[in-house]
Amino acid sequence: MGLDWPQAWLLGLPIAVVYGSLALFTSILHNVFLLYYVDTFVSVYKINKVSFWVGETVFLLWNSFNDPLFGWLSDRQLLSSQPRSGAGFSSRDVVLTRVRALGWHGPLLALSFLAFWVPWAPAGLQFLLCLCLYDGFLTLVDLHHHALLADLALSSHDRTHLNFYCSLFSAAGSLSVFASYAFWNKEDFSSFRAFCVVLAAGSGLGFLGTTQLLKRQIEATRRDRGCPGLDLDGGVCEEELPVGGEEAGNITLGQYLRQLARHQNFLWFVGMDLVQVFHCHFNSNFFPLFLEHLLSDHISLSTGSFLLGISYVAPHLNNLYFLPLCRRWGVYAVVRGLFLLKLSLSLLMLLAGPDHPGLLCFFIASNRVFTEGTCKLLTLVVTDLVDEDLVLNHRKQAASALLFGMVALVTKPGQTFAPLLGTWLLCFYTGHDLFQQSPMTPVGSVRPWPELPAPAPAPAQAPTLRQGCFYLLVFVPITCALLQLFTWSQFTLHGRRLRTVKAQRQNLAQIHTLNIKMV
């Protein structure tokens, strides 16, 4: 019996579209979570200060260590060296395992999101449990989704194609931020709660349907292949890369960490990415502060809210332009160009000074948009590191989720350093302590400013505070850009080296496929 028309049409969708649509179901939840979870517990549920900080402290620890933990649990069986003969996991098996995991964890992420908006326990306990549950399922979804980027395709062109649809659907999901403004009301929370129920239901059902569709597509189109890929480009390069000398068999976590410590491109990358994560969260944390002290006299409240909302959508739309450039020039060259652009715009703003509101408005918005956009391009670089890790250590399969988890372990401290270093620098330069100001919740931060009301600063202090905000605005990106340009110049996984790695990975996959068929 043939398929009916809707089923046939859905199965005919490109795998890149189906894969990218998974980003929609995460994005519609996560942006709303970032904007409202703190205000909900502080203003609606009236959580006390001690419970709030205990919850945030536990959350920061959990948030730092769950990425490598889940990555290790997911990929530890893939870490053995390439067997001389005999069977193992096929690449298609690995892909289908990740898709099934997304089919389970996606709906659980939606349920954990829903748990924020319905009071079901004392506020402090609910805050702690909700944060840890939500972040745990978000980490599982992100790890498997990112790992699929490395497992579904090998060539840079195909991975860029997959990432293009992720950016497109993430931009669509970010529109939930604008829709949420129509329902948010602290005094009457029922309409916002109903809005969140609709989002959670749409996300959970979307994950279930999309993963089932992706599973059927992979089974139908890859049944006779040993390794999946959209259009694997081949060719054998003459240059050979050193290969790990471990014997076949599972390796321990300590051995894996020693392998990473010898992976020079990984070390240079995480050094650069640590600065990038710091800068992304610095922009998120201080975006409202810069609007208030540098532009409040020149723009309306509605304009400020619009800039805040558009800053969530624009990075994804921006990547729709940059990803085609990555196909043409390579991710390395595009990322380096963005670092140079960051440095140039910051120097221009420094020379212009704080008295040009139009230029200030453009710089504040573009600084956040380009920085967030760069973060999203770096996912492609991690997939290349997955390839190099497989080739250097002669693995049976790429430990994609584990490598993404190890990158997150090293770079997530940047989330904590951003508000701490930013407030310290402002206090050091101006003597103005933000912790003595009225409540203020930085968008995208895991911790708000403590709600300690105090008198406003004297008028004589205001110009100093404004000047301090301006110097913070321009010197942080200048410093970050210089550090990143140096570390990025040491990164060698591009050009001929990258082509060699990809060719050798494909050769290893073909050899492994032949071994499986011979068994």
# chains A, B, ... in the order shown; residues from 1 in each chain; ligands from 1
$ residues_around --residues "range 488-496 of chain A" --least-positions-apart "4" --cutoff "12 Å" --atoms "only C-alpha atoms" --output "ChimeraX atom specification"
/A:156,236-241,263-273,275-276,326,329-340,378,380-389,480-484,500-503
$ residues_around --residues "Leu102 in chain A" --least-positions-apart "4" --cutoff "12 Å" --atoms "only C-alpha atoms" --output "count of residues only"
36
$ residues_around --residues "Val44 in chain A" --least-positions-apart "6" --cutoff "12 Å" --atoms "only C-alpha atoms" --output "list in words"
Tyr36, Tyr37, Val38, Phe116, Trp117, Val118, Pro119, Ala123, Trp184, Asn185, Lys186, Glu187, Asp188, Phe189, Ser190, Phe192 and Arg193 of chain A
$ write_last_selection --atoms "N, CA and C atoms" --output "PDB file, in the first residue's frame"
ATOM      1  N   TYR A  36      11.827  35.716  31.364  1.00  0.00           N
ATOM      2  CA  TYR A  36      10.789  35.818  32.392  1.00  0.00           C
ATOM      3  C   TYR A  36      10.984  34.963  33.633  1.00  0.00           C
ATOM      4  N   TYR A  37      11.922  34.024  33.642  1.00  0.00           N
ATOM      5  CA  TYR A  37      11.938  33.123  34.791  1.00  0.00           C
ATOM      6  C   TYR A  37      12.311  33.842  36.083  1.00  0.00           C
ATOM      7  N   VAL A  38      13.245  34.781  36.028  1.00  0.00           N
ATOM      8  CA  VAL A  38      13.637  35.503  37.241  1.00  0.00           C
ATOM      9  C   VAL A  38      12.497  36.378  37.729  1.00  0.00           C
ATOM     10  N   PHE A 116       7.802  25.862  35.325  1.00  0.00           N
ATOM     11  CA  PHE A 116       8.147  27.177  35.876  1.00  0.00           C
ATOM     12  C   PHE A 116       6.896  28.012  36.165  1.00  0.00           C
ATOM     13  N   TRP A 117       5.870  27.857  35.367  1.00  0.00           N
ATOM     14  CA  TRP A 117       4.787  28.839  35.356  1.00  0.00           C
ATOM     15  C   TRP A 117       3.560  28.407  36.151  1.00  0.00           C
ATOM     16  N   VAL A 118       3.633  27.222  36.777  1.00  0.00           N
ATOM     17  CA  VAL A 118       2.537  26.728  37.615  1.00  0.00           C
ATOM     18  C   VAL A 118       3.091  26.459  39.004  1.00  0.00           C
ATOM     19  N   PRO A 119       2.654  27.172  40.050  1.00  0.00           N
ATOM     20  CA  PRO A 119       3.187  26.933  41.394  1.00  0.00           C
ATOM     21  C   PRO A 119       2.760  25.554  41.904  1.00  0.00           C
ATOM     22  N   ALA A 123       8.289  28.158  46.918  1.00  0.00           N
ATOM     23  CA  ALA A 123       8.973  28.886  45.844  1.00  0.00           C
ATOM     24  C   ALA A 123      10.459  28.531  45.746  1.00  0.00           C
ATOM     25  N   TRP A 184       2.255  39.007  28.979  1.00  0.00           N
ATOM     26  CA  TRP A 184       2.943  39.160  30.267  1.00  0.00           C
ATOM     27  C   TRP A 184       2.230  40.176  31.139  1.00  0.00           C
ATOM     28  N   ASN A 185       1.804  39.744  32.321  1.00  0.00           N
ATOM     29  CA  ASN A 185       1.137  40.608  33.289  1.00  0.00           C
ATOM     30  C   ASN A 185       1.350  40.004  34.668  1.00  0.00           C
ATOM     31  N   LYS A 186       2.122  40.690  35.502  1.00  0.00           N
ATOM     32  CA  LYS A 186       2.423  40.168  36.835  1.00  0.00           C
ATOM     33  C   LYS A 186       1.183  40.085  37.716  1.00  0.00           C
ATOM     34  N   GLU A 187       0.246  40.982  37.488  1.00  0.00           N
ATOM     35  CA  GLU A 187      -0.938  41.035  38.335  1.00  0.00           C
ATOM     36  C   GLU A 187      -1.934  39.939  37.976  1.00  0.00           C
ATOM     37  N   ASP A 188      -2.066  39.625  36.699  1.00  0.00           N
ATOM     38  CA  ASP A 188      -2.961  38.564  36.239  1.00  0.00           C
ATOM     39  C   ASP A 188      -2.127  37.594  35.407  1.00  0.00           C
ATOM     40  N   PHE A 189      -1.657  36.543  36.083  1.00  0.00           N
ATOM     41  CA  PHE A 189      -0.679  35.645  35.474  1.00  0.00           C
ATOM     42  C   PHE A 189      -1.323  34.557  34.614  1.00  0.00           C
ATOM     43  N   SER A 190      -2.630  34.459  34.646  1.00  0.00           N
ATOM     44  CA  SER A 190      -3.308  33.341  33.986  1.00  0.00           C
ATOM     45  C   SER A 190      -3.109  33.347  32.472  1.00  0.00           C
ATOM     46  N   PHE A 192      -0.605  34.649  30.710  1.00  0.00           N
ATOM     47  CA  PHE A 192       0.766  34.283  30.385  1.00  0.00           C
ATOM     48  C   PHE A 192       0.987  32.791  30.602  1.00  0.00           C
ATOM     49  N   ARG A 193       0.375  32.246  31.658  1.00  0.00           N
ATOM     50  CA  ARG A 193       0.490  30.809  31.915  1.00  0.00           C
ATOM     51  C   ARG A 193      -0.116  30.011  30.774  1.00  0.00           C
TER      52      ARG A 193
END
$ residues_around --residues "Leu402 in chain A" --least-positions-apart "5" --cutoff "10 Å" --atoms "only C-alpha atoms" --output "list in words"
Asp67, Pro68, Leu69, Phe70, Gly71, Trp72, Leu73, Ser74, Asp75, Arg76, Leu78, Leu79, Leu143, His144, Ala147, Val386, Val407 and Ala408 of chain A
$ write_last_selection --atoms "N, CA, C and O atoms" --output "PDB file, in the first residue's frame"
ATOM      1  N   ASP A  67      27.161  19.208  31.020  1.00  0.00           N
ATOM      2  CA  ASP A  67      27.537  19.004  29.611  1.00  0.00           C
ATOM      3  C   ASP A  67      28.531  17.854  29.439  1.00  0.00           C
ATOM      4  O   ASP A  67      28.264  16.913  28.680  1.00  0.00           O
ATOM      5  N   PRO A  68      29.696  17.902  30.120  1.00  0.00           N
ATOM      6  CA  PRO A  68      30.617  16.761  29.953  1.00  0.00           C
ATOM      7  C   PRO A  68      30.068  15.473  30.538  1.00  0.00           C
ATOM      8  O   PRO A  68      30.367  14.383  30.028  1.00  0.00           O
ATOM      9  N   LEU A  69      29.256  15.574  31.601  1.00  0.00           N
ATOM     10  CA  LEU A  69      28.676  14.364  32.198  1.00  0.00           C
ATOM     11  C   LEU A  69      27.765  13.650  31.203  1.00  0.00           C
ATOM     12  O   LEU A  69      27.920  12.444  30.952  1.00  0.00           O
ATOM     13  N   PHE A  70      26.833  14.388  30.615  1.00  0.00           N
ATOM     14  CA  PHE A  70      25.918  13.774  29.655  1.00  0.00           C
ATOM     15  C   PHE A  70      26.644  13.367  28.375  1.00  0.00           C
ATOM     16  O   PHE A  70      26.300  12.363  27.753  1.00  0.00           O
ATOM     17  N   GLY A  71      27.634  14.153  27.974  1.00  0.00           N
ATOM     18  CA  GLY A  71      28.418  13.779  26.801  1.00  0.00           C
ATOM     19  C   GLY A  71      29.166  12.469  27.019  1.00  0.00           C
ATOM     20  O   GLY A  71      29.223  11.614  26.131  1.00  0.00           O
ATOM     21  N   TRP A  72      29.733  12.299  28.199  1.00  0.00           N
ATOM     22  CA  TRP A  72      30.450  11.070  28.515  1.00  0.00           C
ATOM     23  C   TRP A  72      29.501   9.876  28.558  1.00  0.00           C
ATOM     24  O   TRP A  72      29.794   8.812  28.001  1.00  0.00           O
ATOM     25  N   LEU A  73      28.338  10.044  29.207  1.00  0.00           N
ATOM     26  CA  LEU A  73      27.367   8.956  29.275  1.00  0.00           C
ATOM     27  C   LEU A  73      26.866   8.576  27.885  1.00  0.00           C
ATOM     28  O   LEU A  73      26.576   7.407  27.613  1.00  0.00           O
ATOM     29  N   SER A  74      26.760   9.568  27.008  1.00  0.00           N
ATOM     30  CA  SER A  74      26.253   9.323  25.666  1.00  0.00           C
ATOM     31  C   SER A  74      27.278   8.643  24.763  1.00  0.00           C
ATOM     32  O   SER A  74      26.936   7.720  24.004  1.00  0.00           O
ATOM     33  N   ASP A  75      28.543   9.070  24.860  1.00  0.00           N
ATOM     34  CA  ASP A  75      29.531   8.688  23.840  1.00  0.00           C
ATOM     35  C   ASP A  75      30.677   7.832  24.343  1.00  0.00           C
ATOM     36  O   ASP A  75      31.604   7.543  23.597  1.00  0.00           O
ATOM     37  N   ARG A  76      30.631   7.399  25.600  1.00  0.00           N
ATOM     38  CA  ARG A  76      31.799   6.681  26.124  1.00  0.00           C
ATOM     39  C   ARG A  76      32.070   5.389  25.357  1.00  0.00           C
ATOM     40  O   ARG A  76      33.222   4.961  25.227  1.00  0.00           O
ATOM     41  N   LEU A  78      31.863   5.008  22.263  1.00  0.00           N
ATOM     42  CA  LEU A  78      32.412   5.307  20.943  1.00  0.00           C
ATOM     43  C   LEU A  78      33.898   5.657  20.983  1.00  0.00           C
ATOM     44  O   LEU A  78      34.493   5.940  19.944  1.00  0.00           O
ATOM     45  N   LEU A  79      34.497   5.652  22.181  1.00  0.00           N
ATOM     46  CA  LEU A  79      35.847   6.188  22.328  1.00  0.00           C
ATOM     47  C   LEU A  79      36.957   5.179  22.063  1.00  0.00           C
ATOM     48  O   LEU A  79      38.128   5.536  22.093  1.00  0.00           O
ATOM     49  N   LEU A 143      23.122  18.915  23.151  1.00  0.00           N
ATOM     50  CA  LEU A 143      24.248  18.030  22.846  1.00  0.00           C
ATOM     51  C   LEU A 143      23.928  17.116  21.673  1.00  0.00           C
ATOM     52  O   LEU A 143      24.731  16.968  20.741  1.00  0.00           O
ATOM     53  N   HIS A 144      22.758  16.485  21.699  1.00  0.00           N
ATOM     54  CA  HIS A 144      22.424  15.551  20.619  1.00  0.00           C
ATOM     55  C   HIS A 144      22.134  16.287  19.310  1.00  0.00           C
ATOM     56  O   HIS A 144      22.476  15.796  18.231  1.00  0.00           O
ATOM     57  N   ALA A 147      25.509  17.336  18.030  1.00  0.00           N
ATOM     58  CA  ALA A 147      26.258  16.154  17.601  1.00  0.00           C
ATOM     59  C   ALA A 147      25.760  15.652  16.249  1.00  0.00           C
ATOM     60  O   ALA A 147      26.547  15.173  15.430  1.00  0.00           O
ATOM     61  N   VAL A 386      35.614  17.679  15.933  1.00  0.00           N
ATOM     62  CA  VAL A 386      35.163  16.291  16.078  1.00  0.00           C
ATOM     63  C   VAL A 386      35.854  15.406  15.040  1.00  0.00           C
ATOM     64  O   VAL A 386      36.332  14.314  15.344  1.00  0.00           O
ATOM     65  N   VAL A 407      33.848  21.153  25.346  1.00  0.00           N
ATOM     66  CA  VAL A 407      33.950  22.570  24.984  1.00  0.00           C
ATOM     67  C   VAL A 407      33.124  23.409  25.947  1.00  0.00           C
ATOM     68  O   VAL A 407      33.573  24.460  26.445  1.00  0.00           O
ATOM     69  N   ALA A 408      31.900  22.956  26.245  1.00  0.00           N
ATOM     70  CA  ALA A 408      31.034  23.703  27.156  1.00  0.00           C
ATOM     71  C   ALA A 408      31.629  23.775  28.559  1.00  0.00           C
ATOM     72  O   ALA A 408      31.531  24.801  29.238  1.00  0.00           O
TER      73      ALA A 408
END
$ atom_distance --atom1 "CA of Leu377 in chain A" --atom2 "CA of Phe290 in chain A"
26.0 Å
$ select_by_dssp --residues "range 79-319 of chain A" --states "alpha helix (DSSP H)" --output "PyMOL selection string"
chain A and resi 91-114+123-152+156-181+190-221+253-261+264-290+301-319
$ residues_around --residues "Ser311 in chain A" --least-positions-apart "4" --cutoff "12 Å" --atoms "only C-alpha atoms" --output "MDAnalysis selection string"
chainID A and resid 31 171 174:175 177:178 280 283:284 287:288 304:307 315:318 362 364:373 443:444
$ write_last_selection --atoms "N, CA and C atoms" --output "compact mmCIF listing (two decimals), in the first residue's frame"
# COMPACT_ATOMS: atom_id res chain seq x y z
N ASN A 31 13.96 31.35 24.71
CA ASN A 31 13.97 32.81 24.77
C ASN A 31 12.97 33.34 25.78
N ALA A 171 15.41 31.80 14.22
CA ALA A 171 14.86 33.16 14.06
C ALA A 171 13.34 33.13 14.17
N SER A 174 12.37 32.73 17.75
CA SER A 174 12.60 33.93 18.57
C SER A 174 11.43 34.89 18.54
N LEU A 175 10.54 34.73 17.59
CA LEU A 175 9.36 35.59 17.54
C LEU A 175 8.45 35.38 18.74
N VAL A 177 9.31 35.79 21.62
CA VAL A 177 9.62 36.90 22.53
C VAL A 177 8.65 38.06 22.31
N PHE A 178 8.39 38.39 21.03
CA PHE A 178 7.48 39.49 20.74
C PHE A 178 6.05 39.12 21.14
N CYS A 280 29.57 37.39 24.80
CA CYS A 280 28.14 37.22 24.54
C CYS A 280 27.32 37.52 25.78
N ASN A 283 27.38 41.23 26.87
CA ASN A 283 26.42 42.04 26.12
C ASN A 283 25.00 41.81 26.61
N SER A 284 24.64 40.55 26.91
CA SER A 284 23.30 40.26 27.41
C SER A 284 23.08 40.90 28.78
N PHE A 287 23.23 44.98 28.37
CA PHE A 287 22.43 45.63 27.33
C PHE A 287 21.42 46.63 27.93
N PRO A 288 20.62 46.24 28.95
CA PRO A 288 19.69 47.21 29.54
C PRO A 288 20.40 48.38 30.21
N GLY A 304 13.40 51.14 23.17
CA GLY A 304 14.33 50.29 23.91
C GLY A 304 13.85 48.85 23.97
N SER A 305 12.54 48.64 24.20
CA SER A 305 11.98 47.29 24.23
C SER A 305 12.11 46.61 22.86
N PHE A 306 11.90 47.40 21.80
CA PHE A 306 12.03 46.85 20.45
C PHE A 306 13.47 46.42 20.18
N LEU A 307 14.44 47.26 20.58
CA LEU A 307 15.85 46.89 20.40
C LEU A 307 16.18 45.61 21.17
N PRO A 315 20.48 38.01 15.37
CA PRO A 315 21.66 37.14 15.15
C PRO A 315 21.36 35.96 14.23
N HIS A 316 20.16 35.40 14.34
CA HIS A 316 19.81 34.27 13.48
C HIS A 316 19.64 34.73 12.03
N LEU A 317 18.97 35.87 11.84
CA LEU A 317 18.81 36.41 10.49
C LEU A 317 20.16 36.80 9.90
N ASN A 318 21.02 37.33 10.75
CA ASN A 318 22.35 37.73 10.33
C ASN A 318 23.14 36.53 9.80
N PHE A 362 23.36 52.21 17.09
CA PHE A 362 23.80 51.20 16.11
C PHE A 362 24.88 50.31 16.70
N ILE A 364 25.60 49.58 19.94
CA ILE A 364 25.11 48.70 21.00
C ILE A 364 24.37 47.51 20.40
N ALA A 365 23.51 47.79 19.41
CA ALA A 365 22.74 46.72 18.79
C ALA A 365 23.63 45.80 17.95
N SER A 366 24.48 46.39 17.11
CA SER A 366 25.31 45.56 16.22
C SER A 366 26.34 44.76 17.00
N ASN A 367 26.85 45.31 18.10
CA ASN A 367 27.82 44.61 18.92
C ASN A 367 27.22 43.32 19.46
N ARG A 368 25.98 43.41 19.95
CA ARG A 368 25.30 42.21 20.46
C ARG A 368 24.97 41.24 19.32
N VAL A 369 24.47 41.77 18.20
CA VAL A 369 24.03 40.91 17.09
C VAL A 369 25.22 40.15 16.49
N PHE A 370 26.33 40.87 16.21
CA PHE A 370 27.48 40.21 15.60
C PHE A 370 28.14 39.21 16.56
N THR A 371 28.16 39.56 17.85
CA THR A 371 28.77 38.67 18.83
C THR A 371 27.97 37.39 18.97
N GLU A 372 26.63 37.51 19.09
CA GLU A 372 25.78 36.33 19.17
C GLU A 372 25.88 35.51 17.88
N GLY A 373 25.93 36.20 16.74
CA GLY A 373 26.04 35.50 15.46
C GLY A 373 27.31 34.69 15.36
N VAL A 443 19.01 40.86 30.83
CA VAL A 443 18.44 39.86 29.95
C VAL A 443 19.48 38.80 29.62
N GLY A 444 19.07 37.54 29.76
CA GLY A 444 19.96 36.45 29.40
C GLY A 444 20.91 36.05 30.51
$ atom_distance --atom1 "CA of Ala182 in chain A" --atom2 "CA of Phe286 in chain A"
24.7 Å
$ residues_around --residues "range 165-170 of chain A" --least-positions-apart "2" --cutoff "7 Å" --atoms "only C-alpha atoms" --output "NGL selection string"
:A and (16-17 or 20-21 or 23-24 or 27 or 161-163 or 172-174 or 316-317 or 319-320)
$ atom_distance --atom1 "CA of Trp62 in chain A" --atom2 "CA of Phe33 in chain A"
17.5 Å
$ residues_around --residues "Gly468 in chain A" --least-positions-apart "2" --cutoff "8 Å" --atoms "only C-alpha atoms" --output "list of chain:residue names"
A:Leu426, A:Tyr429, A:Thr430, A:Thr464, A:Leu465, A:Arg466, A:Phe470, A:Tyr471, A:Leu472
$ write_last_selection --atoms "all heavy atoms" --output "compact mmCIF listing (two decimals), in the first residue's frame"
# COMPACT_ATOMS: atom_id res chain seq x y z
N LEU A 426 33.27 48.58 36.40
CA LEU A 426 32.50 49.81 36.52
C LEU A 426 32.70 50.45 37.89
O LEU A 426 32.85 51.67 38.01
CB LEU A 426 31.01 49.52 36.28
CG LEU A 426 30.12 50.71 35.98
CD1 LEU A 426 30.55 51.40 34.69
CD2 LEU A 426 28.66 50.28 35.87
N TYR A 429 36.30 51.95 38.13
CA TYR A 429 36.53 53.18 37.37
C TYR A 429 35.73 54.36 37.91
O TYR A 429 36.22 55.49 37.96
CB TYR A 429 36.18 52.96 35.89
CG TYR A 429 36.40 54.18 35.03
CD1 TYR A 429 37.69 54.61 34.70
CD2 TYR A 429 35.32 54.94 34.58
CE1 TYR A 429 37.89 55.74 33.93
CE2 TYR A 429 35.52 56.08 33.80
CZ TYR A 429 36.81 56.47 33.48
OH TYR A 429 37.00 57.60 32.72
N THR A 430 34.49 54.11 38.32
CA THR A 430 33.60 55.22 38.71
C THR A 430 33.32 55.30 40.20
O THR A 430 32.80 56.30 40.67
CB THR A 430 32.24 55.08 37.98
OG1 THR A 430 31.56 53.92 38.46
CG2 THR A 430 32.44 54.98 36.48
N THR A 464 29.92 60.80 35.49
CA THR A 464 30.97 59.82 35.68
C THR A 464 30.45 58.42 35.38
O THR A 464 31.13 57.61 34.74
CB THR A 464 31.51 59.88 37.13
OG1 THR A 464 31.95 61.21 37.40
CG2 THR A 464 32.66 58.92 37.32
N LEU A 465 29.23 58.12 35.84
CA LEU A 465 28.65 56.81 35.57
C LEU A 465 28.43 56.64 34.07
O LEU A 465 28.69 55.56 33.51
CB LEU A 465 27.33 56.67 36.33
CG LEU A 465 26.56 55.37 36.07
CD1 LEU A 465 27.40 54.16 36.44
CD2 LEU A 465 25.24 55.37 36.85
N ARG A 466 27.95 57.67 33.40
CA ARG A 466 27.72 57.59 31.96
C ARG A 466 29.03 57.35 31.21
O ARG A 466 29.11 56.54 30.29
CB ARG A 466 27.04 58.87 31.47
CG ARG A 466 26.64 58.82 30.00
CD ARG A 466 25.80 60.04 29.63
NE ARG A 466 25.27 59.91 28.28
CZ ARG A 466 25.90 60.30 27.17
NH1 ARG A 466 27.10 60.87 27.28
NH2 ARG A 466 25.35 60.12 25.99
N PHE A 470 30.26 54.05 29.02
CA PHE A 470 30.76 54.17 27.65
C PHE A 470 32.10 53.46 27.48
O PHE A 470 32.31 52.71 26.52
CB PHE A 470 30.90 55.64 27.26
CG PHE A 470 31.51 55.84 25.90
CD1 PHE A 470 30.78 55.59 24.75
CD2 PHE A 470 32.83 56.25 25.77
CE1 PHE A 470 31.35 55.74 23.49
CE2 PHE A 470 33.41 56.42 24.52
CZ PHE A 470 32.66 56.17 23.38
N TYR A 471 33.01 53.67 28.43
CA TYR A 471 34.31 53.02 28.32
C TYR A 471 34.19 51.49 28.46
O TYR A 471 34.92 50.74 27.81
CB TYR A 471 35.28 53.58 29.36
CG TYR A 471 35.82 54.94 28.99
CD1 TYR A 471 35.85 55.98 29.91
CD2 TYR A 471 36.28 55.19 27.71
CE1 TYR A 471 36.34 57.24 29.56
CE2 TYR A 471 36.77 56.44 27.35
CZ TYR A 471 36.79 57.46 28.28
OH TYR A 471 37.27 58.70 27.93
N LEU A 472 33.26 51.06 29.32
CA LEU A 472 33.01 49.63 29.43
C LEU A 472 32.48 49.08 28.11
O LEU A 472 32.87 47.99 27.67
CB LEU A 472 31.99 49.38 30.56
CG LEU A 472 31.88 47.97 31.13
CD1 LEU A 472 33.18 47.57 31.82
CD2 LEU A 472 30.72 47.89 32.12
$ closest_residue --among "A:Leu343, A:Leu13, A:Leu131, A:Leu421" --to "Leu213 in chain A" --atoms "only C-alpha atoms"
A:Leu13
